[in-house]
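Listing of coords00.cif; format and content: mmCIF, C-alpha atoms.
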```cif
data_structure
#
loop_
_atom_site.group_PDB
_atom_site.id
_atom_site.type_symbol
_atom_site.label_atom_id
_atom_site.label_comp_id
_atom_site.auth_asym_id
_atom_site.auth_seq_id
_atom_site.Cartn_x
_atom_site.Cartn_y
_atom_site.Cartn_z
ATOM 1 C CA THR A 1270 0.000 0.000 0.000
ATOM 2 C CA ALA A 1271 1.440 3.365 -1.027
ATOM 3 C CA ILE A 1272 1.523 6.161 1.523
ATOM 4 C CA THR A 1273 1.827 9.885 0.976
ATOM 5 C CA ILE A 1274 4.154 12.380 2.635
ATOM 6 C CA GLY A 1275 1.270 13.440 4.874
ATOM 7 C CA ASP A 1276 0.790 9.830 5.953
ATOM 8 C CA ALA A 1277 4.523 9.460 6.606
ATOM 9 C CA VAL A 1278 4.598 12.531 8.855
ATOM 10 C CA ALA A 1279 1.661 11.240 10.888
ATOM 11 C CA ILE A 1280 3.218 7.780 11.199
ATOM 12 C CA GLY A 1281 6.586 9.287 12.158
ATOM 13 C CA GLY A 1282 5.086 11.194 15.059
ATOM 14 C CA ALA A 1283 3.296 8.116 16.338
ATOM 15 C CA GLU A 1284 6.449 6.009 16.073
ATOM 16 C CA ALA A 1285 8.449 8.648 17.956
ATOM 17 C CA ILE A 1286 6.044 8.391 20.891
ATOM 18 C CA GLU A 1287 6.133 4.598 20.874
ATOM 19 C CA SER A 1288 9.935 4.468 20.549
ATOM 20 C CA ILE A 1289 10.391 6.035 23.996
ATOM 21 C CA GLY A 1290 7.904 3.747 25.717
ATOM 22 C CA GLY A 1291 4.669 5.535 24.927
ATOM 23 C CA PRO A 1292 1.399 4.071 23.691
ATOM 24 C CA SER A 1293 0.723 2.896 20.171
ATOM 25 C CA LEU A 1294 -1.190 5.711 18.453
ATOM 26 C CA SER A 1295 -3.648 5.050 15.653
ATOM 27 C CA VAL A 1296 -3.039 6.848 12.364
ATOM 28 C CA GLN A 1297 -5.550 7.180 9.543
ATOM 29 C CA LEU A 1298 -3.903 6.620 6.151
ATOM 30 C CA GLY A 1299 -5.065 7.779 2.754
ATOM 31 C CA ARG A 1300 -4.217 11.510 2.737
ATOM 32 C CA THR A 1301 -3.560 13.296 -0.514
ATOM 33 C CA ASP A 1302 -0.454 15.457 -0.848
ATOM 34 C CA PRO A 1303 -0.783 19.092 -1.962
ATOM 35 C CA GLY A 1304 0.472 20.123 -5.366
ATOM 36 C CA LYS A 1305 4.234 20.544 -5.675
ATOM 37 C CA LYS A 1306 3.910 24.173 -6.706
ATOM 38 C CA GLY A 1307 1.079 25.018 -4.376
ATOM 39 C CA PRO A 1308 1.656 27.931 -1.956
ATOM 40 C CA ILE A 1309 2.029 27.308 1.768
ATOM 41 C CA PRO A 1310 -1.011 28.779 3.568
ATOM 42 C CA ASN A 1311 -0.062 31.920 5.472
ATOM 43 C CA THR A 1312 -1.939 30.542 8.473
ATOM 44 C CA VAL A 1313 0.750 27.881 8.989
ATOM 45 C CA GLN A 1314 3.404 29.195 11.375
ATOM 46 C CA LEU A 1315 6.404 27.006 10.629
ATOM 47 C CA ASP A 1316 8.460 28.324 13.546
ATOM 48 C CA LEU A 1317 5.728 27.745 16.123
ATOM 49 C CA PHE A 1318 7.757 25.135 18.016
ATOM 50 C CA ASP A 1319 11.221 26.656 17.734
ATOM 51 C CA GLY A 1320 11.163 27.619 21.406
ATOM 52 C CA ASN A 1321 11.103 31.354 20.726
ATOM 53 C CA GLN A 1322 7.336 31.895 20.615
ATOM 54 C CA SER A 1323 5.368 33.186 23.579
ATOM 55 C CA PRO A 1324 2.849 30.947 25.367
ATOM 56 C CA THR A 1325 0.100 33.237 24.107
ATOM 57 C CA THR A 1326 1.205 32.804 20.485
ATOM 58 C CA VAL A 1327 1.336 29.008 20.761
ATOM 59 C CA ALA A 1328 -2.012 28.767 22.542
ATOM 60 C CA LYS A 1329 -3.604 31.020 19.911
ATOM 61 C CA ALA A 1330 -2.276 28.805 17.110
ATOM 62 C CA PHE A 1331 -3.865 25.727 18.679
ATOM 63 C CA LYS A 1332 -7.153 27.582 19.126
ATOM 64 C CA ASN A 1333 -7.148 28.851 15.540
ATOM 65 C CA ALA A 1334 -6.598 25.277 14.357
ATOM 66 C CA GLY A 1335 -9.758 24.221 16.157
ATOM 67 C CA LEU A 1336 -8.004 22.393 19.005
ATOM 68 C CA THR A 1337 -9.044 22.784 22.618
ATOM 69 C CA GLU A 1338 -6.789 23.627 25.551
ATOM 70 C CA ARG A 1339 -7.226 20.041 26.708
ATOM 71 C CA GLU A 1340 -5.910 18.726 23.400
ATOM 72 C CA MET A 1341 -3.058 21.233 23.472
ATOM 73 C CA THR A 1342 -2.073 20.103 26.964
ATOM 74 C CA ALA A 1343 -2.081 16.414 26.018
ATOM 75 C CA LEU A 1344 0.008 17.006 22.877
ATOM 76 C CA LEU A 1345 2.511 19.364 24.518
ATOM 77 C CA SER A 1346 2.881 16.981 27.474
ATOM 78 C CA ALA A 1347 3.858 14.228 25.026
ATOM 79 C CA LEU A 1348 6.269 16.610 23.273
ATOM 80 C CA LEU A 1349 7.744 17.505 26.672
ATOM 81 C CA THR A 1350 8.296 13.801 27.355
ATOM 82 C CA LEU A 1351 10.057 13.337 24.008
ATOM 83 C CA GLU A 1352 12.305 16.322 24.675
ATOM 84 C CA ARG A 1353 13.186 15.194 28.212
ATOM 85 C CA VAL A 1354 14.030 11.681 27.043
ATOM 86 C CA GLU A 1355 16.252 13.101 24.308
ATOM 87 C CA LYS A 1356 18.161 15.270 26.792
ATOM 88 C CA THR A 1357 18.530 12.664 29.548
ATOM 89 C CA ARG A 1358 19.778 9.695 27.515
ATOM 90 C CA SER A 1359 23.454 8.872 27.018
ATOM 91 C CA THR A 1360 25.146 8.137 23.705
ATOM 92 C CA GLU A 1361 25.356 4.447 24.626
ATOM 93 C CA GLN A 1362 21.603 4.303 25.261
ATOM 94 C CA TRP A 1363 20.920 5.791 21.842
ATOM 95 C CA LYS A 1364 23.255 3.246 20.220
ATOM 96 C CA ALA A 1365 21.532 0.392 22.057
ATOM 97 C CA SER A 1366 18.173 1.552 20.707
ATOM 98 C CA THR A 1367 19.349 0.962 17.124
ATOM 99 C CA ARG A 1368 20.640 -2.579 17.664
ATOM 100 C CA PRO A 1369 18.252 -5.478 17.221
ATOM 101 C CA LYS A 1370 18.777 -8.970 18.552
ATOM 102 C CA PHE A 1371 19.432 -11.853 16.205
ATOM 103 C CA ARG A 1372 19.229 -15.632 16.302
ATOM 104 C CA GLU A 1373 20.866 -18.459 14.472
ATOM 105 C CA ALA A 1374 19.680 -18.601 10.886
ATOM 106 C CA GLY A 1375 17.018 -21.203 10.203
ATOM 107 C CA LYS A 1376 15.874 -21.489 13.826
ATOM 108 C CA MET A 1377 12.869 -19.927 15.455
ATOM 109 C CA GLY A 1378 11.353 -19.572 18.910
ATOM 110 C CA ARG A 1379 12.989 -21.502 21.725
ATOM 111 C CA MET A 1380 15.281 -23.378 19.356
ATOM 112 C CA SER A 1381 17.555 -20.356 19.357
ATOM 113 C CA GLU A 1382 18.199 -17.658 21.946
ATOM 114 C CA PHE A 1383 18.431 -13.989 21.056
ATOM 115 C CA LYS A 1384 21.634 -12.180 21.818
ATOM 116 C CA ARG A 1385 22.532 -8.522 21.653
ATOM 117 C CA LEU A 1386 24.494 -7.320 18.625
ATOM 118 C CA THR A 1387 27.926 -5.917 19.422
ATOM 119 C CA ASP A 1388 30.053 -3.641 17.259
ATOM 120 C CA GLU A 1389 32.147 -6.670 16.312
ATOM 121 C CA ASP A 1390 29.033 -8.614 15.326
ATOM 122 C CA ILE A 1391 27.849 -5.783 13.088
ATOM 123 C CA ALA A 1392 31.250 -5.459 11.420
ATOM 124 C CA MET A 1393 31.413 -9.197 10.735
ATOM 125 C CA MET A 1394 27.875 -9.244 9.320
ATOM 126 C CA GLU A 1395 28.658 -6.318 7.014
ATOM 127 C CA GLU A 1396 31.795 -8.054 5.768
ATOM 128 C CA ALA A 1397 29.834 -11.238 5.172
ATOM 129 C CA GLU A 1398 27.203 -9.339 3.161
ATOM 130 C CA ASP A 1399 29.892 -7.739 0.978
ATOM 131 C CA ALA A 1400 31.367 -11.168 0.299
ATOM 132 C CA GLU A 1401 28.060 -12.770 -0.731
ATOM 133 C CA GLU A 1402 27.284 -13.314 -4.393
ATOM 134 C CA GLU A 1403 24.488 -11.252 -5.919
ATOM 135 C CA SER A 1404 22.540 -14.399 -6.738
ATOM 136 C CA ASP A 1405 22.130 -15.313 -3.065
ATOM 137 C CA PHE A 1406 18.840 -14.561 -1.362
ATOM 138 C CA TYR A 1407 18.504 -13.131 2.136
ATOM 139 C CA ILE A 1408 15.408 -14.028 4.145
ATOM 140 C CA ALA A 1409 14.821 -11.623 7.022
ATOM 141 C CA ASP A 1410 13.944 -13.219 10.351
ATOM 142 C CA SER A 1411 11.539 -10.771 11.981
ATOM 143 C CA PHE A 1412 10.115 -13.044 14.652
ATOM 144 C CA GLY A 1413 9.972 -11.676 18.175
ATOM 145 C CA SER A 1414 8.855 -8.429 19.773
ATOM 146 C CA LYS A 1415 9.569 -4.971 18.345
ATOM 147 C CA ASP A 1416 12.391 -4.538 20.847
ATOM 148 C CA GLN A 1417 13.981 -7.747 19.612
ATOM 149 C CA ALA A 1418 13.516 -6.951 15.927
ATOM 150 C CA TYR A 1419 14.383 -3.250 15.893
ATOM 151 C CA GLY A 1420 16.243 -2.469 19.130
ATOM 152 C CA GLN A 1421 15.223 -1.569 22.658
ATOM 153 C CA ARG A 1422 13.194 1.555 23.378
ATOM 154 C CA VAL A 1423 15.146 4.669 24.232
ATOM 155 C CA GLY A 1424 13.143 5.459 27.356
ATOM 156 C CA GLN A 1425 13.961 2.331 29.338
ATOM 157 C CA ASP A 1426 12.431 3.726 32.528
ATOM 158 C CA ILE A 1427 9.284 4.839 30.688
ATOM 159 C CA ASN A 1428 6.483 2.604 29.506
ATOM 160 C CA GLU A 1429 2.748 2.829 29.048
ATOM 161 C CA GLN A 1430 2.247 2.573 32.814
ATOM 162 C CA THR A 1431 4.698 5.390 33.612
ATOM 163 C CA PHE A 1432 4.424 7.613 30.538
ATOM 164 C CA ASN A 1433 3.357 10.598 32.637
ATOM 165 C CA LYS A 1434 6.665 10.572 34.553
ATOM 166 C CA PHE A 1435 7.859 13.963 33.320
ATOM 167 C CA VAL A 1436 4.347 15.387 33.528
ATOM 168 C CA LYS A 1437 4.392 14.490 37.216
ATOM 169 C CA GLU A 1438 7.754 16.164 37.688
ATOM 170 C CA LEU A 1439 6.561 19.338 35.993
ATOM 171 C CA ASN A 1440 3.361 19.418 38.018
ATOM 172 C CA GLU A 1441 5.274 18.887 41.275
ATOM 173 C CA PHE A 1442 7.617 21.715 40.303
ATOM 174 C CA SER A 1443 4.617 23.961 39.661
ATOM 175 C CA VAL A 1444 3.078 23.171 43.041
ATOM 176 C CA LYS A 1445 6.309 23.832 44.917
ATOM 177 C CA LYS A 1446 7.116 27.020 43.015
ATOM 178 C CA LYS A 1447 3.456 28.102 42.817
ATOM 179 C CA GLY A 1448 3.664 28.885 39.132
ATOM 180 C CA LYS A 1449 6.258 28.824 36.374
ATOM 181 C CA SER A 1450 8.809 30.984 38.176
ATOM 182 C CA GLY A 1451 12.209 29.374 37.706
ATOM 183 C CA SER A 1452 10.988 27.016 34.972
ATOM 184 C CA GLU A 1453 13.584 28.236 32.464
ATOM 185 C CA ASP A 1454 15.690 25.116 32.983
ATOM 186 C CA LEU A 1455 12.698 22.925 32.091
ATOM 187 C CA GLY A 1456 12.387 24.376 28.597
ATOM 188 C CA TRP A 1457 9.919 26.323 26.503
ATOM 189 C CA ILE A 1458 7.218 23.643 26.641
ATOM 190 C CA ALA A 1459 7.109 23.933 30.423
ATOM 191 C CA ASP A 1460 6.642 27.695 30.101
ATOM 192 C CA ILE A 1461 3.561 27.142 27.947
ATOM 193 C CA LEU A 1462 2.041 24.470 30.178
ATOM 194 C CA LEU A 1463 2.625 26.580 33.291
ATOM 195 C CA ASP A 1464 1.429 29.838 31.783
ATOM 196 C CA GLU A 1465 -0.452 31.715 34.508
ATOM 197 C CA ASP A 1466 -2.753 33.261 31.916
ATOM 198 C CA ASN A 1467 -4.032 29.806 30.975
ATOM 199 C CA PRO A 1468 -5.325 28.114 34.141
ATOM 200 C CA THR A 1469 -7.235 25.479 32.139
ATOM 201 C CA THR A 1470 -3.966 24.058 30.827
ATOM 202 C CA GLN A 1471 -2.590 23.804 34.363
ATOM 203 C CA SER A 1472 -5.764 22.018 35.482
ATOM 204 C CA TRP A 1473 -5.331 19.386 32.767
ATOM 205 C CA LEU A 1474 -1.637 19.092 33.559
ATOM 206 C CA ASN A 1475 -2.564 18.351 37.154
ATOM 207 C CA LYS A 1476 -5.079 15.722 36.044
ATOM 208 C CA TYR A 1477 -2.571 13.987 33.759
ATOM 209 C CA ALA A 1478 0.021 13.996 36.538
ATOM 210 C CA GLY A 1479 -2.457 12.212 38.799
ATOM 211 C CA SER A 1480 -3.752 9.754 36.210
ATOM 212 C CA ASN A 1481 -1.516 8.196 33.576
ATOM 213 C CA LEU A 1482 -4.583 6.440 32.149
ATOM 214 C CA ALA A 1483 -6.337 9.769 31.549
ATOM 215 C CA PHE A 1484 -3.186 11.141 29.889
ATOM 216 C CA LEU A 1485 -2.861 8.197 27.494
ATOM 217 C CA LYS A 1486 -6.566 8.217 26.660
ATOM 218 C CA ASP A 1487 -6.562 11.923 25.802
ATOM 219 C CA LEU A 1488 -3.261 11.720 23.921
ATOM 220 C CA LYS A 1489 -4.626 9.069 21.575
ATOM 221 C CA VAL A 1490 -7.681 11.169 20.722
ATOM 222 C CA ALA A 1491 -5.733 14.433 20.481
ATOM 223 C CA TYR A 1492 -3.078 12.965 18.191
ATOM 224 C CA MET A 1493 -5.658 11.493 15.845
ATOM 225 C CA SER A 1494 -7.508 14.826 15.808
ATOM 226 C CA THR A 1495 -4.354 16.783 15.009
ATOM 227 C CA THR A 1496 -3.248 14.540 12.158
ATOM 228 C CA GLN A 1497 -6.661 14.897 10.517
ATOM 229 C CA LEU A 1498 -6.715 18.702 10.536
ATOM 230 C CA GLY A 1499 -6.959 19.960 6.962
ATOM 231 C CA ALA A 1500 -6.433 16.479 5.552
ATOM 232 C CA GLU A 1501 -8.011 15.464 2.282
ATOM 233 C CA PHE A 1502 -8.285 11.760 1.657
ATOM 234 C CA THR A 1503 -8.071 9.773 -1.546
ATOM 235 C CA GLY A 1504 -11.228 8.812 -3.371
ATOM 236 C CA GLY A 1505 -13.208 5.640 -2.953
ATOM 237 C CA LYS A 1506 -13.986 4.237 0.469
ATOM 238 C CA TYR A 1507 -11.663 6.627 2.336
ATOM 239 C CA GLU A 1508 -13.363 9.704 0.934
ATOM 240 C CA ASN A 1509 -16.840 8.265 1.456
ATOM 241 C CA LEU A 1510 -16.069 7.399 5.083
ATOM 242 C CA LEU A 1511 -14.131 10.493 6.100
ATOM 243 C CA LYS A 1512 -15.208 13.411 3.914
ATOM 244 C CA ASN A 1513 -17.130 16.034 5.912
ATOM 245 C CA LYS A 1514 -17.170 13.735 8.928
ATOM 246 C CA PRO A 1515 -16.764 15.699 12.194
ATOM 247 C CA ARG A 1516 -13.557 14.738 13.947
ATOM 248 C CA LYS A 1517 -13.655 13.397 17.458
ATOM 249 C CA SER A 1518 -12.350 16.058 19.828
ATOM 250 C CA LEU A 1519 -11.720 16.587 23.527
ATOM 251 C CA ASN A 1520 -13.784 19.216 25.300
ATOM 252 C CA ASP A 1521 -12.541 21.264 28.234
ATOM 253 C CA ASP A 1522 -15.947 21.011 29.913
ATOM 254 C CA ASP A 1523 -15.060 17.612 31.400
ATOM 255 C CA LEU A 1524 -13.231 19.455 34.150
ATOM 256 C CA ASP A 1525 -16.515 21.113 35.154
ATOM 257 C CA LEU A 1526 -14.755 24.448 34.898
ATOM 258 C CA PHE A 1527 -17.678 26.193 33.276
ATOM 259 C CA GLY A 1528 -20.667 24.589 34.930
#
```
Can I see the file as structure tokens?
Amino acid sequence: TAITIGDAVAIGGAEAIESIGGPSLSVQLGRTDPGKKGPIPNTVQLDLFDGNQSPTTVAKAFKNAGLTEREMTALLSALLTLERVEKTRSTEQWKASTRPKFREAGKMGRMSEFKRLTDEDIAMMEEAEDAEEESDFYIADSFGSKDQAYGQRVGQDINEQTFNKFVKELNEFSVKKKGKSGSEDLGWIADILLDEDNPTTQSWLNKYAGSNLAFLKDLKVAYMSTTQLGAEFTGGKYENLLKNKPRKSLNDDDLDLFG
């Protein structure tokens, strides 16, 4: 099945979350790509996440896109987690995440034990591949879990049960400091989530810190909603199913803030 660039971007974001121990996020395929010479809409702020935009600017962009503060909080909390994992992992941990396990050729399951690839193993395998004749066939052995086939996850201390780890830390910091004062070391995402002018965001942050299940549930819906914004799908069954269909969204009213 062919995928478009739009599909690839959506899949890439989902895989990034899963690669650090996060949940598996559903992605709807079948988007059409814009024309190669088509202009970029002036409503798309390409530097929105460069870390130099004010919390007000970022929040306004989410609102203009039709996303709620609840969805913004879920998505930025996931982005915060990605950023924290990136900054707190060593070079060796990143290398380990790219090394799969392998087993003796021709054996499956318990007949052969997995073992971790070393630098020497990789070098020997590359030399062996160079020495093989072009007429030989290579059959990939992809049995086993994703960690075994593609390498261990980068966030070893993070999984679906603890994915709100950094959200908890940020929320605890906010409670102790009573606001975002001194949050510079935590990065620009923390500044947005702790913005005093946006108390709704802080309320959702507090809820996600107290319930990892609520965080994962909202993240799945928010990610799907975001990747469908402005998307046009190919004809046939995709278009018939998705065209003009209201997207599922998260409302802020669930906090009972306005009732």
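Nearest residue to Leu1298 (chain A) among A:Leu1351, A:Leu1455, A:Ala1285, A:Ile1280 is A:Ile1280, counting all atoms listed in the file.
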Worksheet item: Which residues match the PyMOL selection byres ((chain A and resi 1277) around 12) in the file above, as a PyMOL selection string?
Response: chain A and resi 1271-1276+1278-1284+1296-1302+1496
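For the residues A:Met1393, A:Leu1498, A:Leu1463, A:Leu1349, ranking by smallest atom-to-atom distance to Lys1434 (chain A) using all atoms listed in the file places A:Leu1349 first.
Distance-wise, CA of Asn1520 (chain A) and CA of Glu1429 (chain A) end up 23.6 Å apart.
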Worksheet item: Could you tell me, as a PyMOL selection string, which residues have any atom at most 9 Å from (-7.0, 11.7, 19.8), counting only C-alpha atoms?
Response: chain A and resi 1294-1295+1340+1486-1496+1517-1519
Only C-alpha atoms, please: the residues just picked out, written as a JSON list (two decimals), in the frame of the given file.
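result23.json, written as the output of this step:
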```
[["chain", "number", "residue", "atom", "x", "y", "z"],
["A", 1294, "LEU", "CA", -1.19, 5.71, 18.45],
["A", 1295, "SER", "CA", -3.65, 5.05, 15.65],
["A", 1340, "GLU", "CA", -5.91, 18.73, 23.40],
["A", 1486, "LYS", "CA", -6.57, 8.22, 26.66],
["A", 1487, "ASP", "CA", -6.56, 11.92, 25.80],
["A", 1488, "LEU", "CA", -3.26, 11.72, 23.92],
["A", 1489, "LYS", "CA", -4.63, 9.07, 21.58],
["A", 1490, "VAL", "CA", -7.68, 11.17, 20.72],
["A", 1491, "ALA", "CA", -5.73, 14.43, 20.48],
["A", 1492, "TYR", "CA", -3.08, 12.96, 18.19],
["A", 1493, "MET", "CA", -5.66, 11.49, 15.84],
["A", 1494, "SER", "CA", -7.51, 14.83, 15.81],
["A", 1495, "THR", "CA", -4.35, 16.78, 15.01],
["A", 1496, "THR", "CA", -3.25, 14.54, 12.16],
["A", 1517, "LYS", "CA", -13.66, 13.40, 17.46],
["A", 1518, "SER", "CA", -12.35, 16.06, 19.83],
["A", 1519, "LEU", "CA", -11.72, 16.59, 23.53]]
```
Apply the PyMOL selection byres ((chain A and resi 1457) around 12) to the file shown and report the selected residues as a PDB file with C-alpha atoms, in the coordinates of the input.
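Full text of selection_3.pdb as output:
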```pdb
ATOM      1  CA  LEU A1317       5.728  27.745  16.123  1.00  0.00           C
ATOM      2  CA  PHE A1318       7.757  25.135  18.016  1.00  0.00           C
ATOM      3  CA  ASP A1319      11.221  26.656  17.734  1.00  0.00           C
ATOM      4  CA  GLY A1320      11.163  27.619  21.406  1.00  0.00           C
ATOM      5  CA  ASN A1321      11.103  31.354  20.726  1.00  0.00           C
ATOM      6  CA  GLN A1322       7.336  31.895  20.615  1.00  0.00           C
ATOM      7  CA  SER A1323       5.368  33.186  23.579  1.00  0.00           C
ATOM      8  CA  PRO A1324       2.849  30.947  25.367  1.00  0.00           C
ATOM      9  CA  VAL A1327       1.336  29.008  20.761  1.00  0.00           C
ATOM     10  CA  LEU A1345       2.511  19.364  24.518  1.00  0.00           C
ATOM     11  CA  SER A1346       2.881  16.981  27.474  1.00  0.00           C
ATOM     12  CA  LEU A1348       6.269  16.610  23.273  1.00  0.00           C
ATOM     13  CA  LEU A1349       7.744  17.505  26.672  1.00  0.00           C
ATOM     14  CA  GLU A1352      12.305  16.322  24.675  1.00  0.00           C
ATOM     15  CA  ARG A1353      13.186  15.194  28.212  1.00  0.00           C
ATOM     16  CA  LYS A1449       6.258  28.824  36.374  1.00  0.00           C
ATOM     17  CA  GLY A1451      12.209  29.374  37.706  1.00  0.00           C
ATOM     18  CA  SER A1452      10.988  27.016  34.972  1.00  0.00           C
ATOM     19  CA  GLU A1453      13.584  28.236  32.464  1.00  0.00           C
ATOM     20  CA  ASP A1454      15.690  25.116  32.983  1.00  0.00           C
ATOM     21  CA  LEU A1455      12.698  22.925  32.091  1.00  0.00           C
ATOM     22  CA  GLY A1456      12.387  24.376  28.597  1.00  0.00           C
ATOM     23  CA  ILE A1458       7.218  23.643  26.641  1.00  0.00           C
ATOM     24  CA  ALA A1459       7.109  23.933  30.423  1.00  0.00           C
ATOM     25  CA  ASP A1460       6.642  27.695  30.101  1.00  0.00           C
ATOM     26  CA  ILE A1461       3.561  27.142  27.947  1.00  0.00           C
ATOM     27  CA  LEU A1462       2.041  24.470  30.178  1.00  0.00           C
ATOM     28  CA  LEU A1463       2.625  26.580  33.291  1.00  0.00           C
ATOM     29  CA  ASP A1464       1.429  29.838  31.783  1.00  0.00           C
TER      30      ASP A1464
END
```
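For the set A:Ser1293, A:Thr1342, A:Ser1288, A:Thr1326, the residue with the smallest atom-to-atom gap to Glu1355 (chain A) is A:Ser1288, counting all atoms listed in the file.
Taking CA of Pro1303 (chain A) as the reference point, CA of Ala1334 (chain A) is found at 18.4 Å.
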Item to complete: To one decimal in Å, tell me the separation between CA of Asn1475 (chain A) and CA of Asn1333 (chain A).
Response: 24.5 Å
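Of the residues listed (A:Arg1339, A:Pro1468, A:Leu1344, A:Gly1290), A:Gly1290 shows the shortest atom-to-atom separation from Asp1426 (chain A); distances use all atoms listed in the file.
If all atoms listed in the file are the atoms counted, then among A:Glu1361, A:Ala1328, A:Thr1431, A:Gln1314 the closest residue to Asp1388 (chain A) is A:Glu1361.
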